[in-house]
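For reference, model.txt is printed below; it contains compact mmCIF, C-alpha atoms.
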```
# COMPACT_ATOMS: atom_id res chain seq x y z
CA MET E 1 4.27 -23.26 -6.98
CA ALA E 2 4.87 -21.71 -3.58
CA PHE E 3 3.53 -18.45 -2.15
CA ARG E 4 5.11 -16.43 0.67
CA VAL E 5 2.40 -14.10 1.91
CA ASP E 6 0.87 -13.00 5.21
CA ALA E 7 -2.34 -11.51 6.56
CA SER E 8 -2.74 -9.86 9.94
CA VAL E 9 -4.47 -7.02 11.74
CA GLU E 10 -1.65 -4.73 10.60
CA ILE E 11 -1.20 -6.09 7.08
CA GLY E 12 -4.86 -6.64 6.25
CA THR E 13 -6.25 -9.42 4.07
CA GLY E 14 -5.70 -8.18 0.52
CA HIS E 15 -2.30 -9.80 -0.10
CA VAL E 16 -3.55 -13.27 0.80
CA MET E 17 -6.77 -12.86 -1.13
CA ARG E 18 -5.04 -11.90 -4.37
CA CYS E 19 -2.53 -14.74 -3.98
CA LEU E 20 -5.43 -17.14 -3.46
CA THR E 21 -6.91 -15.89 -6.72
CA LEU E 22 -3.70 -16.61 -8.61
CA ALA E 23 -3.24 -20.00 -6.94
CA THR E 24 -6.79 -21.00 -7.85
CA ALA E 25 -6.22 -20.03 -11.48
CA LEU E 26 -3.00 -22.07 -11.54
CA ARG E 27 -4.71 -25.10 -10.01
CA GLU E 28 -7.89 -25.03 -12.07
CA HIS E 29 -6.45 -24.21 -15.49
CA HIS E 30 -2.91 -25.59 -15.30
CA ALA E 31 -3.14 -28.40 -12.71
CA ALA E 32 -0.46 -26.71 -10.61
CA ARG E 33 0.05 -27.76 -7.00
CA CYS E 34 0.35 -24.68 -4.82
CA TYR E 35 1.67 -24.26 -1.28
CA PHE E 36 1.43 -21.23 1.02
CA LEU E 37 4.06 -20.15 3.54
CA CYS E 38 2.38 -17.94 6.16
CA ARG E 39 3.40 -16.65 9.57
CA GLU E 40 0.89 -17.10 12.38
CA LEU E 41 0.42 -13.39 13.05
CA PRO E 42 -2.65 -12.03 14.87
CA GLY E 43 -5.48 -12.00 12.34
CA HIS E 44 -3.87 -14.48 9.91
CA LEU E 45 -5.98 -16.18 7.24
CA ILE E 46 -4.44 -19.64 7.37
CA GLY E 47 -7.82 -21.25 7.98
CA ARG E 48 -9.27 -19.51 4.94
CA ILE E 49 -6.40 -20.68 2.74
CA GLU E 50 -6.79 -24.26 3.93
CA ALA E 51 -10.55 -24.07 3.39
CA GLU E 52 -9.80 -23.26 -0.27
CA GLY E 53 -7.94 -26.58 -0.49
CA PHE E 54 -4.33 -25.38 -0.32
CA GLU E 55 -1.65 -26.68 2.01
CA VAL E 56 -0.18 -24.09 4.38
CA LEU E 57 3.35 -24.40 5.74
CA ARG E 58 3.26 -22.41 8.97
CA LEU E 59 5.90 -20.02 10.20
CA ALA E 60 5.66 -19.63 13.97
CA ALA E 61 4.33 -16.41 15.45
CA PRO E 62 6.87 -14.17 17.22
CA VAL E 63 7.32 -15.04 20.89
CA ALA E 64 6.04 -11.59 21.85
CA ALA E 65 3.49 -10.77 19.19
CA GLY E 66 3.15 -7.06 18.55
CA THR E 67 6.67 -6.18 19.69
CA SER E 68 9.63 -5.34 17.49
CA PRO E 69 12.57 -7.77 17.41
CA SER E 70 15.93 -6.26 18.34
CA GLY E 71 18.91 -5.70 16.06
CA LEU E 72 16.94 -4.62 12.97
CA ASP E 73 17.95 -2.01 10.42
CA ALA E 74 15.78 1.03 9.69
CA TYR E 75 13.74 -0.68 6.94
CA GLU E 76 13.03 -3.73 9.09
CA THR E 77 12.13 -1.59 12.10
CA ALA E 78 9.62 0.36 10.02
CA HIS E 79 7.97 -2.89 8.91
CA ALA E 80 8.42 -5.00 12.06
CA ALA E 81 4.67 -5.16 12.74
CA TRP E 82 4.18 -6.66 9.29
CA LEU E 83 6.59 -9.56 9.79
CA GLY E 84 7.20 -9.98 13.53
CA VAL E 85 10.78 -11.20 13.03
CA GLY E 86 13.86 -9.97 11.18
CA TRP E 87 14.14 -10.70 7.46
CA SER E 88 17.10 -13.03 7.95
CA GLN E 89 15.21 -15.23 10.42
CA ASP E 90 12.20 -15.30 8.11
CA ALA E 91 14.49 -16.20 5.19
CA ARG E 92 16.08 -19.12 7.07
CA GLU E 93 12.73 -20.49 8.16
CA SER E 94 11.17 -20.04 4.71
CA ALA E 95 14.13 -21.66 2.92
CA ASP E 96 13.88 -24.70 5.21
CA LEU E 97 10.20 -25.12 4.31
CA LEU E 98 10.74 -24.50 0.61
CA ALA E 99 13.67 -26.87 0.10
CA PRO E 100 11.67 -30.15 -0.02
CA LEU E 101 9.07 -28.67 -2.38
CA ASP E 102 11.34 -28.19 -5.40
CA ALA E 103 8.98 -25.42 -6.55
CA ASP E 104 9.12 -24.11 -10.12
CA TRP E 105 8.09 -20.65 -8.93
CA LEU E 106 8.05 -18.73 -5.67
CA VAL E 107 5.47 -15.95 -5.53
CA LEU E 108 6.38 -13.26 -2.97
CA ASP E 109 3.74 -10.74 -1.90
CA HIS E 110 5.07 -8.95 1.16
CA TYR E 111 5.98 -5.32 1.80
CA ALA E 112 8.42 -6.27 4.58
CA LEU E 113 10.70 -8.35 2.31
CA ASP E 114 13.13 -7.30 -0.40
CA ALA E 115 16.14 -8.45 -2.46
CA ARG E 116 18.12 -9.49 0.63
CA TRP E 117 15.45 -11.99 1.62
CA GLU E 118 15.04 -13.11 -1.99
CA SER E 119 18.78 -13.74 -2.40
CA ALA E 120 18.81 -15.88 0.73
CA VAL E 121 15.76 -17.94 -0.25
CA CYS E 122 15.65 -18.27 -4.01
CA SER E 123 18.09 -21.16 -4.22
CA SER E 124 15.14 -23.19 -2.93
CA CYS E 125 13.04 -22.52 -6.06
CA ALA E 126 13.59 -22.08 -9.77
CA ARG E 127 12.07 -18.63 -10.44
CA LEU E 128 10.64 -15.67 -8.52
CA LEU E 129 7.49 -13.63 -9.12
CA VAL E 130 7.22 -10.54 -6.91
CA ILE E 131 3.85 -8.85 -6.42
CA ASP E 132 4.44 -5.25 -5.35
CA ASP E 133 2.56 -1.96 -5.10
CA LEU E 134 5.22 0.38 -3.75
CA ALA E 135 8.28 0.48 -6.05
CA ASP E 136 10.36 1.41 -3.00
CA ARG E 137 12.91 -1.44 -2.68
CA GLU E 138 15.09 -3.74 -4.77
CA HIS E 139 14.06 -7.20 -6.00
CA ILE E 140 15.82 -9.97 -7.92
CA ALA E 141 12.62 -11.11 -9.60
CA HIS E 142 12.22 -12.87 -12.92
CA LEU E 143 8.68 -11.45 -13.12
CA LEU E 144 7.22 -8.47 -11.24
CA LEU E 145 3.55 -7.56 -11.03
CA ASP E 146 2.34 -4.10 -10.00
CA GLN E 147 -1.36 -3.89 -10.80
CA ASN E 148 -1.80 -0.25 -9.86
CA LEU E 149 -3.05 2.56 -12.06
CA GLY E 150 -0.43 5.21 -12.73
CA ARG E 151 2.53 2.92 -12.16
CA LEU E 152 5.16 3.00 -14.92
CA ALA E 153 7.80 0.47 -15.89
CA GLU E 154 10.36 3.21 -15.32
CA ASP E 155 9.49 3.22 -11.61
CA TYR E 156 11.25 -0.15 -11.33
CA ALA E 157 14.18 0.65 -13.64
CA ASP E 158 16.77 0.65 -10.85
CA LEU E 159 14.99 -1.87 -8.61
CA VAL E 160 14.91 -5.11 -10.65
CA PRO E 161 17.33 -6.94 -12.97
CA ALA E 162 17.44 -5.78 -16.58
CA ASP E 163 15.88 -9.05 -17.78
CA CYS E 164 12.97 -8.95 -15.31
CA ARG E 165 9.63 -8.98 -17.13
CA LEU E 166 7.30 -6.30 -15.79
CA MET E 167 3.52 -6.69 -15.72
CA ILE E 168 2.20 -3.24 -14.94
CA GLY E 169 -1.32 -1.84 -14.55
CA PRO E 170 -4.91 -2.90 -13.75
CA ASP E 171 -5.13 -5.19 -16.80
CA TYR E 172 -3.04 -7.57 -14.66
CA ALA E 173 -5.15 -7.12 -11.52
CA LEU E 174 -5.66 -10.42 -9.69
CA LEU E 175 -9.44 -10.75 -9.66
CA ARG E 176 -11.39 -13.92 -9.06
CA PRO E 177 -13.09 -15.25 -12.24
CA GLU E 178 -16.58 -14.36 -11.01
CA PHE E 179 -15.80 -10.68 -11.52
CA ALA E 180 -15.23 -11.21 -15.24
CA GLU E 181 -18.38 -13.36 -15.31
CA TRP E 182 -20.49 -10.65 -13.66
CA ARG E 183 -18.99 -7.81 -15.73
CA ARG E 184 -21.46 -7.88 -18.61
CA PRO E 185 -24.70 -8.09 -16.56
CA SER E 186 -23.34 -5.43 -14.20
CA LEU E 187 -22.57 -2.97 -16.99
CA GLU E 188 -25.82 -3.66 -18.82
CA ARG E 189 -27.85 -3.00 -15.66
CA ARG E 190 -26.06 0.28 -14.98
CA ASP E 191 -26.62 1.48 -18.53
CA SER E 192 -30.30 0.53 -18.64
CA GLN E 193 -31.35 1.22 -15.02
CA PRO E 194 -29.23 4.03 -13.54
CA GLY E 195 -30.13 5.12 -10.02
CA LEU E 196 -29.15 4.97 -6.38
CA SER E 197 -31.09 2.29 -4.55
CA GLN E 198 -28.34 -0.03 -3.24
CA LEU E 199 -25.26 1.21 -1.35
CA LEU E 200 -22.36 -1.14 -0.61
CA ILE E 201 -19.82 -0.33 2.11
CA SER E 202 -16.60 -2.35 2.25
CA LEU E 203 -13.53 -0.86 3.91
CA GLY E 204 -11.14 -3.80 3.83
CA GLY E 205 -11.09 -7.16 5.52
CA VAL E 206 -9.87 -5.80 8.86
CA ASP E 207 -10.69 -2.07 9.20
CA LYS E 208 -8.68 -1.92 12.42
CA ASP E 209 -9.57 1.75 13.03
CA ASN E 210 -13.33 1.17 12.74
CA VAL E 211 -13.79 3.63 9.88
CA THR E 212 -16.92 1.69 8.87
CA ALA E 213 -18.73 2.90 11.99
CA GLU E 214 -17.68 6.48 11.19
CA VAL E 215 -19.12 6.17 7.70
CA LEU E 216 -22.41 4.75 8.98
CA GLY E 217 -22.61 7.57 11.51
CA VAL E 218 -22.32 10.12 8.71
CA LEU E 219 -24.97 8.32 6.66
CA ARG E 220 -27.48 9.00 9.42
CA ASN E 221 -27.39 12.63 8.30
CA ALA E 222 -27.10 12.06 4.55
CA GLU E 223 -30.19 12.52 2.41
CA LEU E 224 -30.22 9.15 0.71
CA PRO E 225 -33.16 8.24 -1.54
CA GLY E 226 -36.05 6.76 0.38
CA THR E 227 -35.74 3.44 -1.44
CA CYS E 228 -32.03 3.05 -0.70
CA ARG E 229 -30.79 -0.07 1.07
CA ILE E 230 -27.32 -0.46 2.61
CA THR E 231 -25.06 -3.50 2.82
CA VAL E 232 -21.87 -3.51 4.89
CA VAL E 233 -19.31 -6.23 4.07
CA MET E 234 -16.56 -7.02 6.60
CA GLY E 235 -13.93 -9.71 7.03
CA GLY E 236 -14.43 -12.39 9.64
CA THR E 237 -11.31 -11.23 11.53
CA ALA E 238 -12.39 -7.58 11.70
CA PRO E 239 -12.25 -6.46 15.35
CA TRP E 240 -15.25 -4.08 15.23
CA ILE E 241 -18.02 -6.22 13.75
CA GLU E 242 -20.38 -6.00 16.74
CA ALA E 243 -19.82 -2.25 17.10
CA VAL E 244 -20.64 -1.75 13.43
CA LYS E 245 -23.82 -3.80 13.79
CA ARG E 246 -24.96 -1.57 16.66
CA VAL E 247 -24.48 1.57 14.58
CA ALA E 248 -26.22 -0.06 11.60
CA GLU E 249 -29.33 -0.57 13.71
CA THR E 250 -29.66 3.21 14.16
CA LEU E 251 -29.98 4.03 10.45
CA GLU E 252 -33.32 4.76 8.86
CA GLN E 253 -32.42 2.77 5.76
CA PRO E 254 -32.53 -1.04 5.91
CA THR E 255 -28.90 -1.94 6.68
CA GLU E 256 -27.35 -5.39 6.82
CA VAL E 257 -23.85 -6.26 8.06
CA VAL E 258 -22.37 -9.43 6.58
CA THR E 259 -18.99 -11.13 6.99
CA ASN E 260 -16.85 -13.53 4.95
CA VAL E 261 -19.14 -13.35 1.93
CA SER E 262 -18.55 -15.72 -0.97
CA ASP E 263 -20.57 -13.70 -3.50
CA MET E 264 -18.82 -10.33 -3.52
CA ALA E 265 -18.97 -10.04 -7.30
CA ARG E 266 -22.75 -10.40 -7.27
CA ARG E 267 -23.10 -7.89 -4.45
CA MET E 268 -20.94 -5.37 -6.31
CA ALA E 269 -22.82 -5.97 -9.56
CA GLU E 270 -26.13 -5.28 -7.83
CA ALA E 271 -24.88 -2.18 -5.97
CA ASP E 272 -25.32 1.30 -7.44
CA LEU E 273 -22.64 2.99 -5.35
CA ALA E 274 -19.79 1.80 -3.14
CA ILE E 275 -17.98 3.42 -0.27
CA GLY E 276 -14.65 1.62 -0.21
CA ALA E 277 -10.97 1.73 0.58
CA ALA E 278 -8.40 2.46 -2.10
CA GLY E 279 -6.88 -1.03 -1.88
CA SER E 280 -6.96 -4.07 -4.15
CA THR E 281 -10.77 -4.17 -4.19
CA SER E 282 -10.58 -0.99 -6.29
CA TRP E 283 -10.01 -3.17 -9.35
CA GLU E 284 -12.97 -5.41 -8.52
CA ARG E 285 -15.20 -2.34 -8.46
CA CYS E 286 -13.69 -1.02 -11.69
CA CYS E 287 -14.22 -4.33 -13.48
CA LEU E 288 -17.93 -4.13 -12.67
CA GLY E 289 -18.23 -0.40 -13.36
CA LEU E 290 -19.25 0.28 -9.76
CA PRO E 291 -19.06 4.02 -8.92
CA THR E 292 -17.11 4.56 -5.72
CA LEU E 293 -16.61 7.10 -2.97
CA MET E 294 -13.10 6.19 -1.90
CA LEU E 295 -11.25 6.47 1.41
CA VAL E 296 -7.49 6.31 1.84
CA LEU E 297 -6.88 4.05 4.87
CA ALA E 298 -3.15 3.40 4.39
CA GLU E 299 -0.30 5.39 2.92
CA ASN E 300 0.18 2.94 0.05
CA GLN E 301 -3.42 3.63 -1.06
CA ARG E 302 -2.88 7.35 -1.61
CA ASP E 303 -1.55 7.10 -5.18
CA ILE E 304 -4.25 4.58 -6.14
CA ALA E 305 -6.99 6.97 -5.01
CA ALA E 306 -5.38 9.98 -6.71
CA ASN E 307 -5.00 8.16 -10.04
CA LEU E 308 -8.52 6.74 -9.98
CA GLU E 309 -9.95 10.18 -9.32
CA LEU E 310 -7.75 11.66 -12.06
CA ARG E 311 -9.23 9.14 -14.50
CA GLY E 312 -12.77 10.01 -13.38
CA ALA E 313 -13.35 6.53 -11.95
CA SER E 314 -13.99 7.49 -8.31
CA MET E 315 -14.35 10.37 -5.85
CA THR E 316 -11.97 10.57 -2.89
CA LEU E 317 -13.35 11.43 0.54
CA ASP E 318 -11.29 13.47 2.99
CA ARG E 319 -10.85 11.55 6.28
CA GLU E 320 -10.23 14.80 8.16
CA ALA E 321 -13.55 16.29 7.06
CA LEU E 322 -15.48 13.10 6.46
CA LYS E 323 -18.96 14.29 7.45
CA ASP E 324 -19.15 17.37 5.24
CA ASN E 325 -17.17 15.76 2.43
CA MET E 326 -19.28 12.61 2.26
CA ILE E 327 -22.63 14.39 2.49
CA GLU E 328 -21.55 16.70 -0.32
CA ALA E 329 -20.36 13.76 -2.44
CA ILE E 330 -23.62 11.85 -1.97
CA SER E 331 -25.58 14.93 -2.95
CA GLU E 332 -23.50 15.16 -6.14
CA ILE E 333 -23.76 11.44 -6.86
CA LYS E 334 -27.57 11.55 -6.85
CA ASN E 335 -27.22 13.21 -10.24
CA ILE E 336 -27.65 10.28 -12.61
CA GLN E 337 -25.24 11.73 -15.17
CA ARG E 338 -22.49 11.96 -12.54
CA LEU E 339 -23.14 8.41 -11.39
CA SER E 340 -23.04 7.11 -14.96
CA SER E 341 -19.84 9.03 -15.75
CA LEU E 342 -18.03 7.38 -12.84
CA SER E 343 -19.20 3.96 -14.01
CA VAL E 344 -18.06 4.47 -17.60
CA CYS E 345 -14.62 5.68 -16.55
CA ALA E 346 -14.16 2.86 -14.03
CA ARG E 347 -15.08 0.03 -16.41
CA GLU E 348 -12.43 1.12 -18.93
CA LEU E 349 -9.57 0.30 -16.55
CA THR E 350 -9.74 -3.50 -16.31
CA GLY E 351 -11.69 -6.41 -17.73
CA GLY E 352 -10.89 -8.73 -14.83
CA LEU E 353 -8.72 -11.30 -16.65
CA GLY E 354 -5.38 -10.59 -14.96
CA ALA E 355 -5.16 -13.84 -12.98
CA SER E 356 -5.52 -16.03 -16.05
CA ARG E 357 -2.95 -13.93 -17.94
CA ILE E 358 -0.38 -14.26 -15.16
CA ALA E 359 -1.09 -17.97 -14.65
CA ARG E 360 -0.29 -18.52 -18.34
CA GLU E 361 2.94 -16.55 -17.98
CA LEU E 362 4.06 -18.72 -15.06
CA THR E 363 3.23 -22.05 -16.66
CA GLN E 364 4.65 -21.20 -20.07
CA ALA E 365 7.92 -20.08 -18.47
CA SER E 366 8.24 -23.17 -16.25
```

Show the structure stored in the file as structure tokens.
Amino acid sequence: MAFRVDASVEIGTGHVMRCLTLATALREHHAARCYFLCRELPGHLIGRIEAEGFEVLRLAAPVAAGTSPSGLDAYETAHAAWLGVGWSQDARESADLLAPLDADWLVLDHYALDARWESAVCSSCARLLVIDDLADREHIAHLLLDQNLGRLAEDYADLVPADCRLMIGPDYALLRPEFAEWRRPSLERRDSQPGLSQLLISLGGVDKDNVTAEVLGVLRNAELPGTCRITVVMGGTAPWIEAVKRVAETLEQPTEVVTNVSDMARRMAEADLAIGAAGSTSWERCCLGLPTLMLVLAENQRDIAANLELRGASMTLDREALKDNMIEAISEIKNIQRLSSLSVCARELTGGLGASRIARELTQAS
């Protein structure tokens, strides 16, 4: 198995993390050997992937990182910061690395790549799984995963081959196995001991705009219960860690800032409320029934937040009026019935077994 995926300051960490989850399931339950093809963009997670025991085949960083290559079409120009080179150059370099592997499957998780790249590369592997969230471009996939709530198979009707198998919705969400393991104790605790004593803040692995500090600043004026404790979780490559720690020291509530945690499922299970981004961690929170005040930090998160709120599984905060909106939401959430309602609606959306389901699909089809 081979994975083409990147992380960076612009892309974030979520794509790599969910691919790592799938690769781990393939290795542990199906003895599959997995390779990662990653470009050395600023904020990459190559070290993290290697620390998990996977081999990384490196694609060189652009000569002038942060600049757009010339001669790109409109789609490539719009996504240049996500890839750093044109799709054709990336395809040539990726195909050269893939050729000796003789991979049964290539897993592609990258918003900057589409059917053109896939056509140029897929002769180097047997089958293609595309992980997408956008339904905005064509693919030549054999399997396509879109784990987002509200997505319909019809959204891909004109974007994939007629025989492409679609895996749609949060039941396929790529969550690490510890989330399924923590699901029962998390739900039992919420049902037997509802309350607001532990607040978890996690706004993505990078949070390049330092929204975490904004949120902490608002919490200084929020009337949290006197027993409430706050934990802030950030990625190790986040550029604002020290700034966030300085703001955390000004809060009345005991507030810890931690990075690169290996026990996120436990922390979520023990939290009573989360303030989080509407990205892939949404499904981790849902699996554990964790009520969430949600922020949209990227355009592709907007539909996720809207659909989660529509299902009663979260409350969306307005970035433009964050202070008033968040203080009002916290006041509402102190009502135990409201808190419990969010938890019940969230837990219905996924049981956390998506990675094992997809791993079986890949190995059975090989």

(message) With distances taken over all atoms listed in the file, which residue among E:Gly71, E:Pro291, E:Gly84, E:Gly53 lies nearest Ala7 (chain E)?
(response)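 Comparing E:Gly71, E:Pro291, E:Gly84, E:Gly53 against Ala7 (chain E), the winner is E:Gly84.
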
(message) Rounded to one decimal, what separation in Å do you get between CA of Thr237 (chain E) and CA of Gly43 (chain E)?
(response) 5.9 Å

Report as a tab-separated table: every residue of region 196-292 of chain E with an atom at most 12 Å from region 160-174 of chain E, its closest pair of atoms, and their distance in Å to one decimal, counting all atoms listed in the file, with rows sorted by chain and ascending residue number.
```
residue	atom	partner	partner_atom	distance
E:Gly279	CA	E:Ala173	CA	11.5
E:Ser280	CA	E:Ala173	CA	8.2
E:Thr281	CA	E:Ala173	CA	9.7
E:Ser282	CA	E:Pro170	CA	9.6
E:Trp283	CA	E:Ala173	CA	6.6
E:Glu284	CA	E:Ala173	CA	8.5
E:Arg285	CA	E:Ala173	CA	11.5
E:Cys286	CA	E:Pro170	CA	9.2
E:Cys287	CA	E:Pro170	CA	9.4
```

(request) Pick out the closest residue to Ala355 (chain E) from this set: E:Arg127, E:Arg176, E:His29, E:His79. Count only C-alpha atoms. (result)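 For Ala355 (chain E), the nearest of the given residues is E:Arg176.
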
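Closest approach to His110 (chain E) among E:Ser8, E:Ser331, E:Ser192, E:Gln89 is made by E:Ser8 (distances from only C-alpha atoms).
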
(request) Select, from E:Ser197, E:Gln147, E:Ser94, E:Thr350, the residue with the minimum atom-to-atom distance to Lys334 (chain E), counting all atoms listed in the file. (result) E:Ser197

(request) May I ask which of the residues E:Ala99, E:Met17, E:Leu113, E:Ala298 is the closest one to Asn260 (chain E), counting all atoms listed in the file? (result)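 Looking only at the distances to Asn260 (chain E), the closest residue turns out to be E:Met17.
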
Distance table requested - region 19-110 of chain E against region 362-365 of chain E, cut-off 9 Å, only C-alpha atoms: one row per qualifying residue with the closest atom pair and its distance in Å to one decimal, ordered by chain and rising residue number, as a tab-separated table.
```
residue	atom	partner	partner_atom	distance
E:Leu26	CA	E:Thr363	CA	8.1
E:His30	CA	E:Thr363	CA	7.2
E:Ala32	CA	E:Thr363	CA	8.5
E:Asp104	CA	E:Leu362	CA	8.9
E:Trp105	CA	E:Leu362	CA	7.6
```
